$ cat entry-v1.cif   # mmCIF, C-alpha atoms
data_protein
#
loop_
_atom_site.group_PDB
_atom_site.id
_atom_site.type_symbol
_atom_site.label_atom_id
_atom_site.label_comp_id
_atom_site.auth_asym_id
_atom_site.auth_seq_id
_atom_site.Cartn_x
_atom_site.Cartn_y
_atom_site.Cartn_z
ATOM 1 C CA MET A 1 280.794 -4.070 120.646
ATOM 2 C CA TYR A 2 282.274 -7.110 122.440
ATOM 3 C CA THR A 3 281.373 -10.459 120.892
ATOM 4 C CA CYS A 4 281.688 -13.643 122.910
ATOM 5 C CA GLN A 5 282.730 -16.688 120.886
ATOM 6 C CA GLU A 6 282.149 -20.161 122.195
ATOM 7 C CA GLU A 7 284.967 -22.683 122.026
ATOM 8 C CA TYR A 8 284.036 -26.140 120.791
ATOM 9 C CA PRO A 9 285.894 -29.320 121.719
ATOM 10 C CA PRO A 10 287.882 -31.030 118.921
ATOM 11 C CA GLN A 11 285.813 -33.303 116.765
ATOM 12 C CA PRO A 12 286.544 -37.084 116.657
ATOM 13 C CA ALA A 13 287.958 -36.803 113.123
ATOM 14 C CA GLN A 14 290.510 -34.247 114.334
ATOM 15 C CA THR A 15 291.495 -36.512 117.230
ATOM 16 C CA ARG A 16 292.006 -39.439 114.882
ATOM 17 C CA ARG A 17 294.228 -37.320 112.608
ATOM 18 C CA ARG A 18 296.418 -36.451 115.612
ATOM 19 C CA VAL A 19 296.723 -40.049 116.919
ATOM 20 C CA PHE A 20 297.170 -41.807 113.537
ATOM 21 C CA PRO A 21 300.752 -40.546 112.831
ATOM 22 C CA TRP A 22 301.891 -41.742 116.277
ATOM 23 C CA LEU A 23 300.489 -45.193 115.562
ATOM 24 C CA ILE A 24 302.486 -45.328 112.304
ATOM 25 C CA ILE A 25 305.683 -44.258 114.120
ATOM 26 C CA ALA A 26 305.143 -46.917 116.821
ATOM 27 C CA ALA A 27 304.573 -49.636 114.224
ATOM 28 C CA LEU A 28 307.706 -48.637 112.279
ATOM 29 C CA THR A 29 309.763 -48.654 115.486
ATOM 30 C CA VAL A 30 308.654 -52.204 116.379
ATOM 31 C CA THR A 31 309.422 -53.361 112.834
ATOM 32 C CA ILE A 32 312.914 -51.830 112.853
ATOM 33 C CA VAL A 33 313.762 -53.404 116.250
ATOM 34 C CA SER A 34 312.567 -56.833 115.069
ATOM 35 C CA LEU A 35 314.649 -56.637 111.885
ATOM 36 C CA THR A 36 317.716 -55.547 113.866
ATOM 37 C CA LEU A 37 317.454 -58.573 116.204
ATOM 38 C CA LEU A 38 316.984 -60.952 113.260
ATOM 39 C CA LEU A 39 320.030 -59.562 111.433
ATOM 40 C CA ARG A 40 322.153 -59.828 114.585
ATOM 41 C CA SER A 41 321.171 -63.506 115.068
ATOM 42 C CA SER A 42 321.924 -64.324 111.412
ATOM 43 C CA ARG A 43 325.306 -62.560 111.615
ATOM 44 C CA GLN A 44 326.335 -64.602 114.665
ATOM 45 C CA ALA A 45 325.374 -67.841 112.902
ATOM 46 C CA ARG A 46 327.419 -66.892 109.839
ATOM 47 C CA GLU A 47 330.449 -66.083 112.009
ATOM 48 C CA GLN A 48 330.300 -69.523 113.666
ATOM 49 C CA MET A 49 330.072 -71.263 110.305
ATOM 50 C CA GLN A 50 333.014 -69.184 109.022
ATOM 51 C CA GLU A 51 335.142 -70.359 111.972
ATOM 52 C CA GLN A 52 334.300 -73.980 111.090
ATOM 53 C CA LEU A 53 335.332 -73.437 107.464
ATOM 54 C CA GLU A 54 338.605 -71.811 108.521
ATOM 55 C CA ARG A 55 339.529 -74.870 110.643
ATOM 56 C CA GLN A 56 338.801 -77.133 107.693
ATOM 57 C CA ASN A 57 340.953 -74.961 105.407
ATOM 58 C CA LEU A 58 343.842 -75.202 107.886
ATOM 59 C CA ILE A 59 343.711 -79.003 107.671
ATOM 60 C CA ILE A 60 343.650 -78.905 103.856
ATOM 61 C CA ASN A 61 346.596 -76.466 103.718
ATOM 62 C CA SER A 62 348.604 -78.659 106.092
ATOM 63 C CA LEU A 63 347.976 -81.721 103.952
ATOM 64 C CA GLU A 64 348.976 -79.879 100.783
ATOM 65 C CA GLN A 65 352.300 -78.912 102.380
ATOM 66 C CA ASP A 66 352.904 -82.532 103.441
ATOM 67 C CA GLN A 67 352.205 -83.672 99.899
ATOM 68 C CA LYS A 68 354.770 -81.225 98.487
ATOM 69 C CA LYS A 69 357.402 -82.421 100.958
ATOM 70 C CA GLU A 70 356.725 -86.044 100.077
ATOM 71 C CA SER A 71 357.079 -85.418 96.355
ATOM 72 C CA SER A 72 360.497 -83.803 96.849
ATOM 73 C CA SER A 73 361.863 -86.705 98.910
ATOM 74 C CA SER A 74 363.261 -89.987 97.593
ATOM 75 C CA LYS A 75 360.790 -92.332 95.956
ATOM 76 C CA SER A 76 359.517 -95.142 98.192
ATOM 77 C CA VAL A 77 356.382 -97.218 98.617
ATOM 78 C CA PRO A 78 354.001 -95.113 100.743
ATOM 79 C CA VAL A 79 352.586 -96.638 103.904
ATOM 80 C CA ILE A 80 349.588 -95.300 105.709
ATOM 81 C CA THR A 81 348.218 -96.310 109.122
ATOM 82 C CA SER A 82 345.009 -95.760 111.039
ATOM 83 C CA ASP A 83 346.915 -93.625 113.534
ATOM 84 C CA THR A 84 348.092 -91.339 110.723
ATOM 85 C CA LEU A 85 344.557 -90.799 109.505
ATOM 86 C CA LYS A 86 343.179 -90.260 113.008
ATOM 87 C CA GLN A 87 345.891 -87.682 113.639
ATOM 88 C CA GLN A 88 344.936 -85.794 110.485
ATOM 89 C CA LEU A 89 341.263 -85.807 111.432
ATOM 90 C CA SER A 90 341.709 -85.091 115.150
ATOM 91 C CA ALA A 91 341.770 -81.330 114.558
ATOM 92 C CA VAL A 92 338.019 -81.457 113.899
ATOM 93 C CA SER A 93 336.107 -83.252 116.668
ATOM 94 C CA GLU A 94 332.759 -82.294 115.207
ATOM 95 C CA LEU A 95 332.242 -81.690 111.501
ATOM 96 C CA VAL A 96 329.287 -79.298 111.085
ATOM 97 C CA THR A 97 328.227 -79.288 107.452
ATOM 98 C CA GLN A 98 324.701 -77.836 107.416
ATOM 99 C CA GLU A 99 322.894 -74.940 109.052
ATOM 100 C CA TYR A 100 319.157 -74.193 109.207
ATOM 101 C CA ILE A 101 318.028 -70.697 110.262
ATOM 102 C CA TYR A 102 314.371 -70.295 111.142
ATOM 103 C CA THR A 103 311.777 -67.758 112.278
ATOM 104 C CA ASN A 104 308.456 -68.894 113.691
ATOM 105 C CA ALA A 105 305.380 -67.843 115.677
ATOM 106 C CA ASP A 106 303.155 -70.154 117.722
ATOM 107 C CA GLN A 107 300.540 -70.156 120.450
ATOM 108 C CA ARG A 108 300.173 -72.366 123.502
ATOM 109 C CA THR A 109 296.805 -72.804 125.204
ATOM 110 C CA ASP A 110 295.916 -74.570 128.428
ATOM 111 C CA ASP A 111 292.874 -74.999 130.665
ATOM 112 C CA VAL A 112 291.952 -76.635 133.963
ATOM 113 C CA LYS A 113 290.039 -79.898 133.982
ATOM 114 C CA TRP A 114 287.423 -80.812 136.530
ATOM 115 C CA VAL A 115 286.245 -84.313 137.378
ATOM 116 C CA PHE A 116 285.057 -86.430 134.457
ATOM 117 C CA GLY A 117 287.290 -84.385 132.137
ATOM 118 C CA TRP A 118 285.077 -81.317 132.228
ATOM 119 C CA THR A 119 286.768 -77.991 131.517
ATOM 120 C CA ARG A 120 286.498 -75.406 134.260
ATOM 121 C CA PRO A 121 284.768 -72.277 132.867
ATOM 122 C CA PHE A 122 286.997 -69.235 132.229
ATOM 123 C CA SER A 123 290.133 -71.247 133.046
ATOM 124 C CA GLU A 124 291.713 -71.136 129.546
ATOM 125 C CA SER A 125 295.114 -69.432 129.377
ATOM 126 C CA SER A 126 297.232 -68.754 126.283
ATOM 127 C CA LEU A 127 300.715 -67.562 125.318
ATOM 128 C CA LEU A 128 301.621 -66.238 121.846
ATOM 129 C CA ILE A 129 305.296 -65.718 120.929
ATOM 130 C CA THR A 130 307.594 -65.240 117.943
ATOM 131 C CA TYR A 131 311.247 -66.321 117.875
ATOM 132 C CA ASP A 132 314.330 -66.943 115.721
ATOM 133 C CA GLY A 133 316.651 -69.929 115.930
ATOM 134 C CA THR A 134 319.523 -71.847 114.351
ATOM 135 C CA ILE A 135 319.896 -75.608 113.877
ATOM 136 C CA LYS A 136 323.241 -77.196 112.935
ATOM 137 C CA ALA A 137 323.859 -80.726 111.684
ATOM 138 C CA GLY A 138 326.989 -82.782 111.079
ATOM 139 C CA ILE A 139 328.914 -85.880 112.116
ATOM 140 C CA GLN A 140 330.969 -86.813 115.180
ATOM 141 C CA MET A 141 334.530 -87.450 113.989
ATOM 142 C CA SER A 142 335.164 -89.817 116.908
ATOM 143 C CA ASP A 143 332.610 -92.183 115.360
ATOM 144 C CA VAL A 144 334.446 -92.400 112.008
ATOM 145 C CA GLN A 145 335.725 -95.959 111.389
ATOM 146 C CA ILE A 146 338.979 -96.558 109.468
ATOM 147 C CA GLU A 147 340.027 -99.845 107.871
ATOM 148 C CA ILE A 148 343.280 -100.284 105.894
ATOM 149 C CA ASN A 149 343.976 -103.238 103.603
ATOM 150 C CA GLU A 150 347.672 -103.358 102.692
ATOM 151 C CA GLU A 151 347.232 -106.259 100.294
ATOM 152 C CA ASN A 152 344.669 -104.425 98.165
ATOM 153 C CA ARG A 153 346.092 -100.988 98.950
ATOM 154 C CA THR A 154 342.700 -99.628 100.025
ATOM 155 C CA VAL A 155 341.589 -97.254 102.761
ATOM 156 C CA THR A 156 337.943 -97.711 103.744
ATOM 157 C CA ILE A 157 336.306 -94.915 105.716
ATOM 158 C CA THR A 158 332.892 -95.597 107.249
ATOM 159 C CA LEU A 159 331.072 -92.401 108.171
ATOM 160 C CA PRO A 160 328.449 -92.184 110.915
ATOM 161 C CA GLU A 161 325.031 -90.792 110.092
ATOM 162 C CA SER A 162 324.668 -87.055 110.512
ATOM 163 C CA GLU A 163 322.847 -85.759 113.562
ATOM 164 C CA ILE A 164 321.579 -82.484 114.954
ATOM 165 C CA THR A 165 324.542 -81.001 116.814
ATOM 166 C CA GLU A 166 322.992 -77.723 117.940
ATOM 167 C CA ASN A 167 319.552 -76.098 118.223
ATOM 168 C CA ILE A 168 319.521 -72.624 119.722
ATOM 169 C CA ILE A 169 316.747 -70.060 120.193
ATOM 170 C CA PRO A 170 318.513 -66.934 121.520
ATOM 171 C CA GLN A 171 316.676 -65.375 124.451
ATOM 172 C CA GLU A 172 316.896 -61.931 122.872
ATOM 173 C CA SER A 173 315.057 -63.139 119.768
ATOM 174 C CA ILE A 174 311.943 -64.242 121.708
ATOM 175 C CA ARG A 175 309.073 -61.746 121.618
ATOM 176 C CA VAL A 176 305.929 -62.259 123.682
ATOM 177 C CA ILE A 177 302.987 -61.033 121.615
ATOM 178 C CA GLU A 178 300.119 -61.922 123.920
ATOM 179 C CA VAL A 179 299.583 -63.407 127.374
ATOM 180 C CA LYS A 180 296.100 -64.392 128.526
ATOM 181 C CA ASN A 181 295.650 -65.677 132.070
ATOM 182 C CA GLY A 182 292.649 -67.850 132.940
ATOM 183 C CA LEU A 183 290.740 -68.010 136.176
ATOM 184 C CA PHE A 184 293.096 -69.685 138.708
ATOM 185 C CA ASN A 185 295.294 -70.665 135.738
ATOM 186 C CA GLU A 186 297.997 -68.037 135.135
ATOM 187 C CA ILE A 187 300.957 -68.359 132.753
ATOM 188 C CA THR A 188 304.107 -69.077 134.794
ATOM 189 C CA PHE A 189 307.816 -68.915 134.000
ATOM 190 C CA ASP A 190 307.871 -72.718 133.860
ATOM 191 C CA ASP A 191 305.091 -72.623 131.250
ATOM 192 C CA TYR A 192 307.197 -70.198 129.220
ATOM 193 C CA ASN A 193 310.335 -72.398 129.349
ATOM 194 C CA THR A 194 308.327 -75.538 128.535
ATOM 195 C CA PHE A 195 306.828 -73.823 125.507
ATOM 196 C CA ILE A 196 310.278 -72.818 124.190
ATOM 197 C CA SER A 197 311.566 -76.388 124.645
ATOM 198 C CA GLU A 198 308.564 -77.740 122.763
ATOM 199 C CA GLN A 199 309.160 -75.285 119.932
ATOM 200 C CA LYS A 200 312.782 -76.460 119.577
ATOM 201 C CA ILE A 201 311.540 -80.014 119.032
ATOM 202 C CA VAL A 202 308.952 -78.818 116.500
ATOM 203 C CA MET A 203 311.507 -76.830 114.462
ATOM 204 C CA GLU A 204 314.110 -79.630 114.664
ATOM 205 C CA GLN A 205 311.603 -82.081 113.205
ATOM 206 C CA LYS A 206 310.737 -79.566 110.494
ATOM 207 C CA ALA A 207 314.436 -79.208 109.584
ATOM 208 C CA ILE A 208 314.791 -83.001 109.352
ATOM 209 C CA GLU A 209 311.707 -83.230 107.133
ATOM 210 C CA ASN A 210 313.294 -80.591 104.884
ATOM 211 C CA GLY A 211 316.355 -82.833 104.418
ATOM 212 C CA ILE A 212 318.996 -81.215 106.645
ATOM 213 C CA LEU A 213 320.486 -84.596 107.686
ATOM 214 C CA LYS A 214 320.682 -85.912 104.113
ATOM 215 C CA ARG A 215 322.439 -82.740 102.970
ATOM 216 C CA ALA A 216 324.799 -82.964 105.963
ATOM 217 C CA ASP A 217 325.694 -86.583 105.014
ATOM 218 C CA ALA A 218 326.529 -85.590 101.432
ATOM 219 C CA GLU A 219 328.556 -82.556 102.485
ATOM 220 C CA ALA A 220 330.521 -84.503 105.131
ATOM 221 C CA ARG A 221 331.421 -87.136 102.545
ATOM 222 C CA LYS A 222 332.569 -84.450 100.127
ATOM 223 C CA ILE A 223 334.705 -82.635 102.718
ATOM 224 C CA LEU A 224 336.406 -85.779 104.031
ATOM 225 C CA GLU A 225 337.113 -87.001 100.518
ATOM 226 C CA THR A 226 338.808 -83.673 99.755
ATOM 227 C CA ILE A 227 340.891 -83.853 102.946
ATOM 228 C CA LEU A 228 341.981 -87.490 102.631
ATOM 229 C CA THR A 229 342.889 -87.420 98.938
ATOM 230 C CA LEU A 230 345.465 -84.726 99.765
ATOM 231 C CA LEU A 231 347.476 -87.181 101.859
ATOM 232 C CA PRO A 232 350.825 -88.004 100.157
ATOM 233 C CA GLU A 233 350.049 -91.735 100.417
ATOM 234 C CA MET A 234 346.839 -91.271 98.395
ATOM 235 C CA SER A 235 348.579 -90.194 95.193
ATOM 236 C CA GLY A 236 351.325 -91.584 92.972
ATOM 237 C CA GLU A 237 352.149 -94.974 91.458
ATOM 238 C CA ASP A 238 351.647 -97.039 94.637
ATOM 239 C CA ALA A 239 348.871 -94.923 96.100
ATOM 240 C CA TYR A 240 346.047 -96.269 98.207
ATOM 241 C CA THR A 241 342.498 -96.291 96.867
ATOM 242 C CA LEU A 242 340.032 -94.372 99.048
ATOM 243 C CA ILE A 243 336.630 -95.933 99.701
ATOM 244 C CA LEU A 244 334.010 -93.860 101.527
ATOM 245 C CA GLN A 245 330.870 -95.526 102.795
#

$ encode --input "entry-v1.cif" --output "structure tokens"
Amino acid sequence: MYTCQEEYPPQPAQTRRRVFPWLIIAALTVTIVSLTLLLRSSRQAREQMQEQLERQNLIINSLEQDQKKESSSSKSVPVITSDTLKQQLSAVSELVTQEYIYTNADQRTDDVKWVFGWTRPFSESSLLITYDGTIKAGIQMSDVQIEINEENRTVTITLPESEITENIIPQESIRVIEVKNGLFNEITFDDYNTFISEQKIVMEQKAIENGILKRADAEARKILETILTLLPEMSGEDAYTLILQ
């Protein structure tokens, strides 16, 4: 006897079990890509800082060699000039001493106003993004002031205040999470660029509030003191006294 069996469509629970694993895979993929971009940005920032440290080490090594040569020569009263100091410091035009790496997410909303300040209905637009960035702070070596007093045998170095020297949000680190266009009020490319510029200012102010400039001042003073005390004229019986301010 032939029996006819009816086929039933898959139940909703079965459909959910099929879709759920793909959702997990998609979420993991997005997470892995985000982590990869963040690691790449951090690695580039570390490489730039390493180059800065290598230039500083070259100056220190050069000064140590000069000091050894001076000690082997005949004894004489050392004389130092402003030109000598400027020459030693000219290798570093910008002394970057602090770095602030950040990750942030923010939303920008906008609407269209009618007369009397009324908001046009359904005109609200919004843009939600996440991004990574790097802020660097230091001093401009061209602003360093040098004063030498031969009578008192002192060298006075006046350092400028530290400033933000760089604030970069790499384009590849920016991820648009949501875009909502309002009625006759769509998000444009100019809106996007304006939002990124505003976020740079926000994160720069946050870095300053967290003390990046104060730490940069202290580190610049420490580095320059290390460099200048290695000068042959800054050691020995008739050495100059270094004053940093």

$ resolve_selection --input "entry-v1.cif" --expression "the PyMOL selection byres ((chain A and resi 187-197) around 12)" --output "PDB file with C-alpha atoms, in the coordinates of the input"
ATOM      1  CA  ASN A 104     308.456 -68.894 113.691  1.00  0.00           C
ATOM      2  CA  ALA A 105     305.380 -67.843 115.677  1.00  0.00           C
ATOM      3  CA  ASP A 106     303.155 -70.154 117.722  1.00  0.00           C
ATOM      4  CA  GLN A 107     300.540 -70.156 120.450  1.00  0.00           C
ATOM      5  CA  ARG A 108     300.173 -72.366 123.502  1.00  0.00           C
ATOM      6  CA  THR A 109     296.805 -72.804 125.204  1.00  0.00           C
ATOM      7  CA  ASP A 110     295.916 -74.570 128.428  1.00  0.00           C
ATOM      8  CA  ASP A 111     292.874 -74.999 130.665  1.00  0.00           C
ATOM      9  CA  SER A 123     290.133 -71.247 133.046  1.00  0.00           C
ATOM     10  CA  GLU A 124     291.713 -71.136 129.546  1.00  0.00           C
ATOM     11  CA  SER A 125     295.114 -69.432 129.377  1.00  0.00           C
ATOM     12  CA  SER A 126     297.232 -68.754 126.283  1.00  0.00           C
ATOM     13  CA  LEU A 127     300.715 -67.562 125.318  1.00  0.00           C
ATOM     14  CA  LEU A 128     301.621 -66.238 121.846  1.00  0.00           C
ATOM     15  CA  ILE A 129     305.296 -65.718 120.929  1.00  0.00           C
ATOM     16  CA  THR A 130     307.594 -65.240 117.943  1.00  0.00           C
ATOM     17  CA  TYR A 131     311.247 -66.321 117.875  1.00  0.00           C
ATOM     18  CA  ASP A 132     314.330 -66.943 115.721  1.00  0.00           C
ATOM     19  CA  GLY A 133     316.651 -69.929 115.930  1.00  0.00           C
ATOM     20  CA  ASN A 167     319.552 -76.098 118.223  1.00  0.00           C
ATOM     21  CA  ILE A 168     319.521 -72.624 119.722  1.00  0.00           C
ATOM     22  CA  ILE A 169     316.747 -70.060 120.193  1.00  0.00           C
ATOM     23  CA  PRO A 170     318.513 -66.934 121.520  1.00  0.00           C
ATOM     24  CA  GLN A 171     316.676 -65.375 124.451  1.00  0.00           C
ATOM     25  CA  SER A 173     315.057 -63.139 119.768  1.00  0.00           C
ATOM     26  CA  ILE A 174     311.943 -64.242 121.708  1.00  0.00           C
ATOM     27  CA  ARG A 175     309.073 -61.746 121.618  1.00  0.00           C
ATOM     28  CA  VAL A 176     305.929 -62.259 123.682  1.00  0.00           C
ATOM     29  CA  GLU A 178     300.119 -61.922 123.920  1.00  0.00           C
ATOM     30  CA  VAL A 179     299.583 -63.407 127.374  1.00  0.00           C
ATOM     31  CA  LYS A 180     296.100 -64.392 128.526  1.00  0.00           C
ATOM     32  CA  ASN A 181     295.650 -65.677 132.070  1.00  0.00           C
ATOM     33  CA  GLY A 182     292.649 -67.850 132.940  1.00  0.00           C
ATOM     34  CA  LEU A 183     290.740 -68.010 136.176  1.00  0.00           C
ATOM     35  CA  PHE A 184     293.096 -69.685 138.708  1.00  0.00           C
ATOM     36  CA  ASN A 185     295.294 -70.665 135.738  1.00  0.00           C
ATOM     37  CA  GLU A 186     297.997 -68.037 135.135  1.00  0.00           C
ATOM     38  CA  GLU A 198     308.564 -77.740 122.763  1.00  0.00           C
ATOM     39  CA  GLN A 199     309.160 -75.285 119.932  1.00  0.00           C
ATOM     40  CA  LYS A 200     312.782 -76.460 119.577  1.00  0.00           C
ATOM     41  CA  ILE A 201     311.540 -80.014 119.032  1.00  0.00           C
ATOM     42  CA  VAL A 202     308.952 -78.818 116.500  1.00  0.00           C
ATOM     43  CA  MET A 203     311.507 -76.830 114.462  1.00  0.00           C
ATOM     44  CA  GLU A 204     314.110 -79.630 114.664  1.00  0.00           C
TER      45      GLU A 204
END

$ residues_around --input "entry-v1.cif" --residues "A:Ile80" --least-positions-apart "3" --cutoff "9 Å" --atoms "only C-alpha atoms" --output "VMD selection string"
chain A and resid 83 to 85 148 150 155 233 to 234 240

$ resolve_selection --input "entry-v1.cif" --expression "the PyMOL selection byres ((chain A and resi 95) around 9)" --output "PDB file with C-alpha atoms, keeping the file's coordinate frame"
ATOM      1  CA  GLN A  52     334.300 -73.980 111.090  1.00  0.00           C
ATOM      2  CA  GLN A  56     338.801 -77.133 107.693  1.00  0.00           C
ATOM      3  CA  VAL A  92     338.019 -81.457 113.899  1.00  0.00           C
ATOM      4  CA  SER A  93     336.107 -83.252 116.668  1.00  0.00           C
ATOM      5  CA  GLU A  94     332.759 -82.294 115.207  1.00  0.00           C
ATOM      6  CA  VAL A  96     329.287 -79.298 111.085  1.00  0.00           C
ATOM      7  CA  THR A  97     328.227 -79.288 107.452  1.00  0.00           C
ATOM      8  CA  ALA A 137     323.859 -80.726 111.684  1.00  0.00           C
ATOM      9  CA  GLY A 138     326.989 -82.782 111.079  1.00  0.00           C
ATOM     10  CA  ILE A 139     328.914 -85.880 112.116  1.00  0.00           C
ATOM     11  CA  GLN A 140     330.969 -86.813 115.180  1.00  0.00           C
ATOM     12  CA  MET A 141     334.530 -87.450 113.989  1.00  0.00           C
ATOM     13  CA  ALA A 220     330.521 -84.503 105.131  1.00  0.00           C
TER      14      ALA A 220
END

$ atom_distance --input "entry-v1.cif" --atom1 "atom CA of A:Ile135" --atom2 "atom CA of A:Ile157"
26.6 Å

$ atom_distance --input "entry-v1.cif" --atom1 "atom CA of A:Thr134" --atom2 "atom CA of A:Asp217"
18.5 Å

$ axis_aligned_box --input "entry-v1.cif" --around "stretch 221-240 of chain A" --padding-each-side "3 Å" --output "AutoDock Vina command-line options"
--center_x 341.8 --center_y -89.8 --center_z 97.7 --size_x 26.7 --size_y 20.4 --size_z 18.6
